[in-house]
$ cat structure-v9.cif   # mmCIF, C-alpha atoms and all ligand atoms
data_work
loop_
_atom_site.label_atom_id
_atom_site.label_comp_id
_atom_site.auth_asym_id
_atom_site.auth_seq_id
_atom_site.Cartn_x
_atom_site.Cartn_y
_atom_site.Cartn_z
CA MET A 7 0.00 0.00 0.00
CA SER A 8 1.40 3.39 -0.90
CA HIS A 9 1.52 6.34 1.46
CA ASP A 10 -0.66 8.17 -1.08
CA VAL A 11 -3.63 5.90 -0.46
CA GLU A 12 -3.88 7.08 3.14
CA GLN A 13 -3.61 10.70 1.97
CA TRP A 14 -6.39 10.14 -0.59
CA ILE A 15 -8.55 8.66 2.14
CA ALA A 16 -7.79 11.51 4.57
CA ASP A 17 -8.68 14.00 1.80
CA TRP A 18 -11.85 12.06 0.98
CA PHE A 19 -12.80 12.10 4.67
CA ALA A 20 -12.32 15.88 4.90
CA ALA A 21 -14.36 16.56 1.73
CA TRP A 22 -17.12 14.01 2.35
CA THR A 23 -17.72 14.84 6.02
CA GLY A 24 -17.34 18.55 5.24
CA GLY A 25 -20.34 18.25 2.95
CA TRP A 26 -22.56 17.00 5.80
CA VAL A 27 -21.26 19.74 8.12
CA GLU A 28 -21.94 22.49 5.55
CA ALA A 29 -25.46 21.21 4.87
CA GLY A 30 -26.47 21.13 8.54
CA ASP A 31 -27.88 23.69 10.97
CA GLU A 32 -25.98 24.94 14.02
CA VAL A 33 -26.66 21.83 16.18
CA ILE A 34 -25.68 19.47 13.37
CA ARG A 35 -22.55 21.47 12.58
CA ARG A 36 -21.37 21.51 16.21
CA ASN A 37 -21.89 17.78 16.70
CA LEU A 38 -20.38 16.79 13.35
CA VAL A 39 -17.30 19.00 13.77
CA MET A 40 -16.82 17.23 17.11
CA LYS A 41 -16.85 13.90 15.19
CA GLN A 42 -14.34 15.20 12.63
CA GLU A 43 -12.03 16.19 15.49
CA HIS A 44 -12.59 12.85 17.26
CA THR A 45 -11.64 10.99 14.07
CA ALA A 46 -8.40 12.96 13.64
CA ARG A 47 -7.45 12.21 17.26
CA VAL A 48 -8.25 8.48 16.87
CA VAL A 49 -5.99 8.40 13.79
CA GLU A 50 -3.10 9.78 15.85
CA LEU A 51 -3.86 7.57 18.86
CA VAL A 52 -4.03 4.38 16.82
CA SER A 53 -0.79 5.32 15.10
CA GLY A 54 0.93 5.66 18.46
CA LEU A 55 -0.48 2.35 19.70
CA ALA A 56 0.45 0.51 16.48
CA GLU A 57 4.00 1.86 16.56
CA ALA A 58 4.35 1.01 20.25
CA GLU A 59 3.29 -2.54 19.35
CA GLY A 60 6.17 -2.63 16.85
CA LEU A 61 3.92 -3.09 13.78
CA GLU A 62 5.47 -2.56 10.37
CA GLN A 63 4.56 0.62 8.48
CA GLY A 64 2.02 -1.06 6.18
CA MET A 65 0.06 -2.25 9.22
CA VAL A 66 0.35 1.14 10.91
CA ARG A 67 -1.14 2.74 7.76
CA LEU A 68 -3.95 0.17 7.74
CA CYS A 69 -4.77 1.10 11.35
CA ARG A 70 -4.75 4.80 10.41
CA ILE A 71 -7.06 4.17 7.42
CA ALA A 72 -9.48 2.18 9.59
CA ALA A 73 -9.47 5.11 12.03
CA TRP A 74 -10.22 7.67 9.28
CA LEU A 75 -13.24 5.60 8.21
CA HIS A 76 -14.57 4.19 11.50
CA ASP A 77 -17.15 6.90 12.22
CA VAL A 78 -18.07 7.99 8.70
CA GLY A 79 -21.60 6.67 9.37
CA ARG A 80 -21.98 9.17 12.23
CA PHE A 81 -22.39 11.97 9.70
CA PRO A 82 -25.53 10.78 7.87
CA GLN A 83 -26.75 9.26 11.17
CA PHE A 84 -26.75 12.57 13.01
CA PHE A 85 -27.83 14.57 9.96
CA HIS A 86 -30.96 12.44 9.48
CA HIS A 87 -31.80 11.36 13.05
CA ARG A 88 -30.20 14.10 15.22
CA THR A 89 -28.83 11.49 17.61
CA PHE A 90 -25.70 9.39 18.02
CA ALA A 91 -27.72 6.68 19.78
CA ASP A 92 -27.62 3.64 17.49
CA ASP A 93 -30.64 2.06 19.18
CA GLN A 94 -32.74 5.12 18.27
CA SER A 95 -31.50 5.43 14.70
CA CYS A 96 -29.23 2.94 12.92
CA SER A 97 -25.96 1.05 13.35
CA HIS A 98 -23.41 3.78 12.61
CA ALA A 99 -20.64 1.18 12.18
CA GLU A 100 -22.57 -0.68 9.45
CA LEU A 101 -23.43 2.65 7.85
CA SER A 102 -19.72 3.58 7.87
CA VAL A 103 -18.91 0.45 5.87
CA ARG A 104 -21.76 1.04 3.41
CA GLU A 105 -20.74 4.65 2.78
CA CYS A 106 -17.09 3.64 2.18
CA GLU A 107 -17.65 0.66 -0.14
CA SER A 108 -17.71 2.48 -3.46
CA GLY A 109 -15.04 5.02 -2.41
CA PRO A 110 -12.15 4.40 0.00
CA LEU A 111 -12.61 0.63 0.38
CA SER A 112 -12.52 0.22 -3.40
CA TRP A 113 -9.10 1.95 -3.51
CA LEU A 114 -7.48 -0.76 -1.35
CA CYS A 115 -6.33 -4.24 -2.38
CA PRO A 116 -8.84 -6.97 -1.37
CA ASP A 117 -6.94 -8.09 1.76
CA ASP A 118 -6.46 -4.55 3.06
CA ALA A 119 -10.07 -3.65 2.24
CA SER A 120 -11.27 -6.72 4.14
CA ALA A 121 -9.18 -5.86 7.23
CA VAL A 122 -10.40 -2.23 7.22
CA ARG A 123 -14.01 -3.27 6.56
CA ASN A 124 -13.97 -5.67 9.54
CA ALA A 125 -12.31 -3.14 11.85
CA VAL A 126 -14.83 -0.43 10.95
CA ALA A 127 -17.84 -2.78 11.15
CA LEU A 128 -16.76 -4.13 14.55
CA HIS A 129 -15.24 -1.03 16.16
CA SER A 130 -18.18 -0.53 18.50
CA ALA A 131 -19.34 -4.16 18.85
CA TYR A 132 -19.51 -5.61 22.37
CA ALA A 133 -16.51 -7.84 21.62
CA VAL A 134 -14.28 -8.82 18.70
CA PRO A 135 -15.63 -12.13 17.34
CA GLY A 136 -13.35 -15.18 17.39
CA TYR A 137 -13.41 -15.57 13.59
CA LEU A 138 -11.28 -12.45 13.20
CA THR A 139 -7.65 -13.51 13.60
CA GLY A 140 -4.09 -12.38 12.85
CA GLY A 141 -3.41 -8.92 11.43
CA PRO A 142 -7.08 -8.03 10.83
CA ARG A 143 -7.86 -8.81 14.49
CA LEU A 144 -4.99 -6.59 15.64
CA VAL A 145 -6.15 -3.68 13.47
CA CYS A 146 -9.66 -4.04 14.89
CA GLN A 147 -8.45 -4.26 18.50
CA LEU A 148 -6.13 -1.26 18.23
CA LEU A 149 -8.88 0.81 16.58
CA ARG A 150 -11.26 -0.09 19.42
CA ASP A 151 -8.59 0.84 21.99
CA ALA A 152 -7.83 4.20 20.35
CA ASP A 153 -11.54 4.99 19.98
CA LYS A 154 -12.16 4.31 23.68
CA LEU A 155 -9.18 6.43 24.74
CA ASP A 156 -10.60 9.42 22.91
CA ILE A 157 -14.19 8.82 24.02
CA TRP A 158 -13.00 8.70 27.65
CA ARG A 159 -11.29 12.05 27.06
CA ILE A 160 -14.46 13.55 25.55
CA VAL A 161 -16.95 12.28 28.15
CA LEU A 162 -14.65 13.29 31.01
CA HIS A 163 -14.38 16.78 29.55
CA HIS A 164 -18.18 16.94 29.52
CA TYR A 165 -18.55 15.50 33.03
CA GLU A 166 -15.92 17.79 34.50
CA ASN A 167 -16.78 20.99 32.60
CA GLY A 168 -20.41 20.52 31.50
CA ALA A 169 -21.47 19.47 28.01
CA PRO A 170 -21.43 22.32 25.46
CA PRO A 171 -24.89 23.69 24.56
CA GLY A 172 -26.50 21.79 21.71
CA SER A 173 -24.21 18.79 22.18
CA LEU A 174 -26.05 15.49 22.15
CA ALA A 175 -22.91 13.42 22.56
CA ILE A 176 -23.69 11.88 25.92
CA GLY A 177 -26.99 10.30 24.96
CA PRO A 178 -30.66 10.46 25.85
CA GLU A 179 -32.09 11.52 29.20
CA LEU A 180 -31.22 8.96 31.89
CA ALA A 181 -32.47 8.55 35.47
CA VAL A 182 -30.43 10.35 38.13
CA ASP A 183 -30.83 7.65 40.79
CA GLY A 184 -30.15 3.92 40.90
CA TRP A 185 -28.05 1.51 38.90
CA ASN A 186 -28.38 -1.81 37.14
CA PRO A 187 -26.99 -4.56 39.42
CA ASP A 188 -26.03 -6.57 36.32
CA TYR A 189 -23.60 -3.77 35.46
CA VAL A 190 -21.95 -4.00 38.87
CA GLU A 191 -21.73 -7.78 38.56
CA ALA A 192 -20.20 -7.48 35.06
CA LEU A 193 -17.52 -5.05 36.22
CA LEU A 194 -16.69 -7.08 39.33
CA SER A 195 -16.25 -10.06 36.96
CA SER A 196 -13.91 -8.01 34.73
CA ARG A 197 -16.45 -7.81 31.90
CA CYS A 198 -17.91 -4.86 29.98
CA ALA A 199 -21.56 -4.10 30.70
CA VAL A 200 -24.15 -4.48 27.91
CA THR A 201 -24.99 -1.11 26.36
CA ALA A 202 -28.67 -1.80 25.72
CA ASP A 203 -29.47 -2.22 29.43
CA LYS A 204 -28.48 1.22 30.67
CA ARG A 205 -31.17 3.19 32.50
CA SER A 206 -29.43 5.69 34.76
CA ILE A 207 -26.53 8.09 34.58
CA THR A 208 -24.64 5.75 36.94
CA ASP A 209 -25.22 2.91 34.45
CA LEU A 210 -23.72 5.08 31.71
CA ARG A 211 -20.65 5.77 33.84
CA LEU A 212 -20.31 2.09 34.79
CA LEU A 213 -20.60 1.20 31.12
CA GLN A 214 -17.88 3.67 30.15
CA THR A 215 -15.68 2.51 33.04
CA GLY A 216 -16.15 -1.14 32.05
CA TRP A 217 -14.64 -0.53 28.62
CA VAL A 218 -11.31 -0.93 30.40
CA PHE A 219 -11.92 -4.70 30.32
CA ASP A 220 -12.01 -4.61 26.51
CA ILE A 221 -8.71 -2.76 26.10
CA SER A 222 -6.29 -5.14 24.40
CA SER A 223 -3.05 -3.14 24.21
CA THR A 224 -0.82 -2.68 27.24
CA HIS A 225 0.19 0.68 25.78
CA ALA A 226 -3.45 1.78 25.74
CA CYS A 227 -3.78 0.70 29.40
CA ARG A 228 -0.72 2.79 30.26
CA TYR A 229 -2.12 5.76 28.35
CA ALA A 230 -5.42 5.50 30.23
CA LEU A 231 -3.60 5.20 33.55
CA ARG A 232 -1.30 8.11 32.79
CA GLU A 233 -4.22 10.37 31.79
CA GLY A 234 -6.17 9.28 34.87
CA TYR A 235 -9.21 8.43 32.70
CA ILE A 236 -10.48 5.58 34.85
CA GLU A 237 -9.76 7.25 38.17
CA ARG A 238 -11.57 10.37 36.99
CA LEU A 239 -14.58 8.30 35.81
CA LEU A 240 -14.68 6.43 39.11
CA ALA A 241 -14.95 9.79 40.90
CA PHE A 242 -18.38 10.26 39.29
CA LEU A 243 -19.83 7.03 40.71
CA PRO A 244 -21.99 7.35 43.86
CA ASP A 245 -20.23 7.22 47.20
CA ASN A 246 -21.37 3.91 48.68
CA GLU A 247 -20.06 0.44 49.54
CA VAL A 248 -21.11 -1.23 46.27
CA MET A 249 -19.37 1.40 44.15
CA ASN A 250 -16.32 1.27 46.41
CA ARG A 251 -15.99 -2.43 45.53
CA VAL A 252 -16.21 -1.49 41.85
CA ARG A 253 -13.55 1.21 42.32
CA GLN A 254 -11.19 -1.15 44.07
CA HIS A 255 -11.60 -3.90 41.46
CA VAL A 256 -11.21 -1.61 38.43
CA ARG A 257 -8.17 0.18 39.90
CA GLY A 258 -6.45 -3.13 40.62
CA TYR A 259 -7.22 -4.47 37.14
CA LEU A 260 -5.91 -1.40 35.30
CA LYS A 261 -2.73 -1.19 37.35
CA ALA A 262 -2.01 -4.88 36.75
CA ARG A 263 -2.67 -4.55 33.00
CA ALA A 264 -0.54 -1.44 32.73
CA GLY A 265 2.33 -3.14 34.51
CA ALA A 266 1.91 -0.90 37.58
CA VAL A 267 3.52 2.11 35.83
CA PRO A 268 3.08 5.11 38.15
CA GLU A 269 0.54 7.59 36.75
CA ASN A 270 2.97 10.51 36.46
CA GLN A 271 5.86 8.61 34.93
CA GLY A 272 4.12 7.47 31.78
CA GLY A 273 5.45 4.98 29.28
CA ASP A 274 7.05 5.18 25.89
CA ASP A 275 3.74 5.38 24.06
FE FE B 1 -17.98 4.83 16.34
#

$ encode --input "structure-v9.cif" --output "structure tokens"
Amino acid sequence: MSHDVEQWIADWFAAWTGGWVEAGDEVIRRNLVMKQEHTARVVELVSGLAEAEGLEQGMVRLCRIAAWLHDVGRFPQFFHHRTFADDQSCSHAELSVRECESGPLSWLCPDDASAVRNAVALHSAYAVPGYLTGGPRLVCQLLRDADKLDIWRIVLHHYENGAPPGSLAIGPELAVDGWNPDYVEALLSSRCAVTADKRSITDLRLLQTGWVFDISSTHACRYALREGYIERLLAFLPDNEVMNRVRQHVRGYLKARAGAVPENQGGDD
């Protein structure tokens, strides 16, 4: 794969998504510009993770291409439905693949196109299915890791500073009180919670915290630890004994996965 193919795809992304931004009203523009910026950050994050994993340049470029394309479906999704909630509109990951088939995916050789297609289609799935193996599995896992790192950054910015007016990034109205005990059980068993079952704001925060159990790259764990993403999310859980157990379990898990690198020393990623 030539370096040019990634540049063509980056240029296509800018032009194609720019069209949706230009055609929208103020709310659409604000939310879609946020997705353009998210995509550019995921491209850089996945690059860093892929290089830290020691992947060769062709694989690094494949990861970057998958990142450019992973949220393309968000643009028509939000434009037509004014929500990023898949369960209230459509599967944005499937839509991303559909929108890319006749353009960027057709510019890649069949093996590269297949790896990118799978990574994009599965980037927000509950888990990576067992049939995906080898290089394509790695591309998919690193994309999922990079995506989560940036989503943690975004949601924490909203939690800590308040969501910007007109932003619908966090999701629909959720109950202030209570939590789903299945979520607590999932996290205490080192599993992600199931998105469809969330009812309260605490469920949403447990769900976002539980993504840590899906992170595959040690470098991504170190990045999350260094940025304090999980610790800062845990601070938004209610102050009670059940949530303290969750805090203790998640902290221990992340530190073990990250190789107990102190938060302020960082790694080489
Ligand atoms: Fe996505």

$ residues_near_ligand --input "structure-v9.cif" --ligand "ligand FE 1 (chain B)" --cutoff "10 Å" --atoms "only C-alpha atoms and all ligand atoms" --output "PyMOL selection string"
chain A and resi 41+44-45+73+75-80+90+92+97-100+102+126-131+149-150+153-154+157

$ closest_residue --input "structure-v9.cif" --among "A:Val182, A:Ala29, A:Leu231, A:Val161" --to "A:Gln214" --atoms "all atoms listed in the file"
A:Val161

$ closest_residue --input "structure-v9.cif" --among "A:Ser95, A:Asn167, A:Ser53, A:Ser195" --to "A:Pro82" --atoms "all atoms listed in the file"
A:Ser95

$ atom_distance --input "structure-v9.cif" --atom1 "atom CA of A:Leu68" --atom2 "atom CA of A:Ala16"
12.4 Å

$ atom_distance --input "structure-v9.cif" --atom1 "atom CA of A:Ile34" --atom2 "atom CA of A:Phe81"
9.0 Å

$ residues_around --input "structure-v9.cif" --residues "A:Phe219" --least-positions-apart "2" --cutoff "7 Å" --atoms "only C-alpha atoms" --output "ChimeraX atom specification"
/A:196-198,216-217,221

$ closest_residue --input "structure-v9.cif" --among "A:Gln254, A:Asn37, A:Leu212, A:Met65" --to "A:Ala169" --atoms "all atoms listed in the file"
A:Asn37

$ closest_residue --input "structure-v9.cif" --among "A:Leu162, A:Tyr189, A:Ala181, A:Ala202" --to "A:Leu239" --atoms "only C-alpha atoms"
A:Leu162

$ atom_distance --input "structure-v9.cif" --atom1 "atom CA of A:Thr89" --atom2 "atom CA of A:Asp209"
19.2 Å

$ residues_around --input "structure-v9.cif" --residues "A:Asp10" --least-positions-apart "6" --cutoff "12 Å" --atoms "only C-alpha atoms" --output "list of chain:residue names"
A:Ala16, A:Asp17, A:Arg67, A:Ile71, A:Trp113, A:Leu114

$ residues_around --input "structure-v9.cif" --residues "A:Arg35" --least-positions-apart "6" --cutoff "10 Å" --atoms "all atoms listed in the file" --output "number ranges by chain"
A: 24, 26-29, 41, 81, 84-85, 172

$ closest_residue --input "structure-v9.cif" --among "A:His164, A:Arg70, A:Arg263, A:Arg123" --to "A:Glu50" --atoms "all atoms listed in the file"
A:Arg70

$ residues_near_point --input "structure-v9.cif" --point "(-10.8, -5.9, 21.5)" --cutoff "8 Å" --atoms "only C-alpha atoms" --output "compact mmCIF listing (two decimals) with C-alpha atoms, in the coordinates of the input"
# COMPACT_ATOMS: atom_id res chain seq x y z
CA ALA A 133 -16.51 -7.84 21.62
CA VAL A 134 -14.28 -8.82 18.70
CA CYS A 146 -9.66 -4.04 14.89
CA GLN A 147 -8.45 -4.26 18.50
CA LEU A 148 -6.13 -1.26 18.23
CA ARG A 150 -11.26 -0.09 19.42
CA ASP A 151 -8.59 0.84 21.99
CA ASP A 220 -12.01 -4.61 26.51
CA ILE A 221 -8.71 -2.76 26.10
CA SER A 222 -6.29 -5.14 24.40

$ closest_residue --input "structure-v9.cif" --among "A:Ile236, A:Leu210, A:Ala72, A:Leu101" --to "A:Ser120" --atoms "all atoms listed in the file"
A:Ala72

$ residues_around --input "structure-v9.cif" --residues "A:Arg238" --least-positions-apart "3" --cutoff "10 Å" --atoms "all atoms listed in the file" --output "PyMOL selection string"
chain A and resi 158+162+165-166+215+233-235+241-243

$ write_last_selection --input "structure-v9.cif" --atoms "C-alpha atoms" --output "PDB file, in the frame of the given file"
ATOM      1  CA  TRP A 158     -13.000   8.700  27.650  1.00  0.00           C
ATOM      2  CA  LEU A 162     -14.650  13.290  31.010  1.00  0.00           C
ATOM      3  CA  TYR A 165     -18.550  15.500  33.030  1.00  0.00           C
ATOM      4  CA  GLU A 166     -15.920  17.790  34.500  1.00  0.00           C
ATOM      5  CA  THR A 215     -15.680   2.510  33.040  1.00  0.00           C
ATOM      6  CA  GLU A 233      -4.220  10.370  31.790  1.00  0.00           C
ATOM      7  CA  GLY A 234      -6.170   9.280  34.870  1.00  0.00           C
ATOM      8  CA  TYR A 235      -9.210   8.430  32.700  1.00  0.00           C
ATOM      9  CA  ALA A 241     -14.950   9.790  40.900  1.00  0.00           C
ATOM     10  CA  PHE A 242     -18.380  10.260  39.290  1.00  0.00           C
ATOM     11  CA  LEU A 243     -19.830   7.030  40.710  1.00  0.00           C
TER      12      LEU A 243
END

$ build_atoms --input "structure-v9.cif" --residues "stretch 188-209 of chain A" --atoms "N, CA, C and O atoms" --output "short mmCIF file (atom, residue, chain, number, x, y, z; two decimals), keeping the file's coordinate frame"
data_model
loop_
_atom_site.label_atom_id
_atom_site.label_comp_id
_atom_site.auth_asym_id
_atom_site.auth_seq_id
_atom_site.Cartn_x
_atom_site.Cartn_y
_atom_site.Cartn_z
N ASP A 188 -26.77 -5.76 37.30
CA ASP A 188 -26.03 -6.57 36.32
C ASP A 188 -24.74 -5.86 35.87
O ASP A 188 -23.75 -6.51 35.54
N TYR A 189 -24.79 -4.54 35.84
CA TYR A 189 -23.60 -3.77 35.46
C TYR A 189 -22.51 -3.94 36.51
O TYR A 189 -21.34 -4.12 36.18
N VAL A 190 -22.93 -3.85 37.78
CA VAL A 190 -21.95 -4.00 38.87
C VAL A 190 -21.35 -5.40 38.81
O VAL A 190 -20.13 -5.57 38.90
N GLU A 191 -22.20 -6.40 38.61
CA GLU A 191 -21.73 -7.78 38.56
C GLU A 191 -20.76 -7.96 37.38
O GLU A 191 -19.72 -8.62 37.52
N ALA A 192 -21.09 -7.36 36.24
CA ALA A 192 -20.20 -7.48 35.06
C ALA A 192 -18.84 -6.90 35.39
O ALA A 192 -17.80 -7.54 35.15
N LEU A 193 -18.81 -5.69 35.95
CA LEU A 193 -17.52 -5.05 36.22
C LEU A 193 -16.73 -5.82 37.27
O LEU A 193 -15.51 -5.97 37.15
N LEU A 194 -17.41 -6.33 38.30
CA LEU A 194 -16.69 -7.08 39.33
C LEU A 194 -16.17 -8.41 38.78
O LEU A 194 -15.28 -9.02 39.36
N SER A 195 -16.74 -8.86 37.63
CA SER A 195 -16.25 -10.06 36.96
C SER A 195 -15.31 -9.72 35.81
O SER A 195 -15.05 -10.56 34.93
N SER A 196 -14.84 -8.48 35.77
CA SER A 196 -13.91 -8.01 34.73
C SER A 196 -14.50 -8.14 33.33
O SER A 196 -13.82 -8.53 32.38
N ARG A 197 -15.78 -7.81 33.21
CA ARG A 197 -16.45 -7.81 31.90
C ARG A 197 -17.07 -6.44 31.65
O ARG A 197 -17.47 -5.75 32.60
N CYS A 198 -17.18 -6.08 30.35
CA CYS A 198 -17.91 -4.86 29.98
C CYS A 198 -19.40 -5.08 30.25
O CYS A 198 -19.89 -6.21 30.14
N ALA A 199 -20.11 -4.00 30.57
CA ALA A 199 -21.56 -4.10 30.70
C ALA A 199 -22.19 -4.03 29.30
O ALA A 199 -21.54 -3.62 28.34
N VAL A 200 -23.46 -4.44 29.21
CA VAL A 200 -24.15 -4.48 27.91
C VAL A 200 -24.88 -3.15 27.70
O VAL A 200 -25.76 -2.78 28.48
N THR A 201 -24.51 -2.47 26.61
CA THR A 201 -24.99 -1.11 26.36
C THR A 201 -26.51 -0.98 26.43
O THR A 201 -27.03 -0.02 26.99
N ALA A 202 -27.22 -1.94 25.87
CA ALA A 202 -28.67 -1.80 25.72
C ALA A 202 -29.41 -1.73 27.05
O ALA A 202 -30.56 -1.29 27.10
N ASP A 203 -28.77 -2.15 28.14
CA ASP A 203 -29.47 -2.22 29.43
C ASP A 203 -29.34 -0.96 30.28
O ASP A 203 -29.80 -0.95 31.41
N LYS A 204 -28.71 0.08 29.78
CA LYS A 204 -28.48 1.22 30.67
C LYS A 204 -29.75 2.06 30.87
O LYS A 204 -30.49 2.31 29.94
N ARG A 205 -29.98 2.42 32.16
CA ARG A 205 -31.17 3.19 32.50
C ARG A 205 -30.85 4.48 33.22
O ARG A 205 -31.60 5.43 33.18
N SER A 206 -29.74 4.51 33.94
CA SER A 206 -29.43 5.69 34.76
C SER A 206 -28.08 6.27 34.36
O SER A 206 -27.29 5.62 33.65
N ILE A 207 -27.81 7.45 34.87
CA ILE A 207 -26.53 8.09 34.58
C ILE A 207 -25.38 7.28 35.21
O ILE A 207 -24.29 7.21 34.65
N THR A 208 -25.67 6.61 36.34
CA THR A 208 -24.64 5.75 36.94
C THR A 208 -24.37 4.55 36.03
O THR A 208 -23.21 4.13 35.87
N ASP A 209 -25.43 4.01 35.41
CA ASP A 209 -25.22 2.91 34.45
C ASP A 209 -24.31 3.37 33.32
O ASP A 209 -23.41 2.63 32.90
#
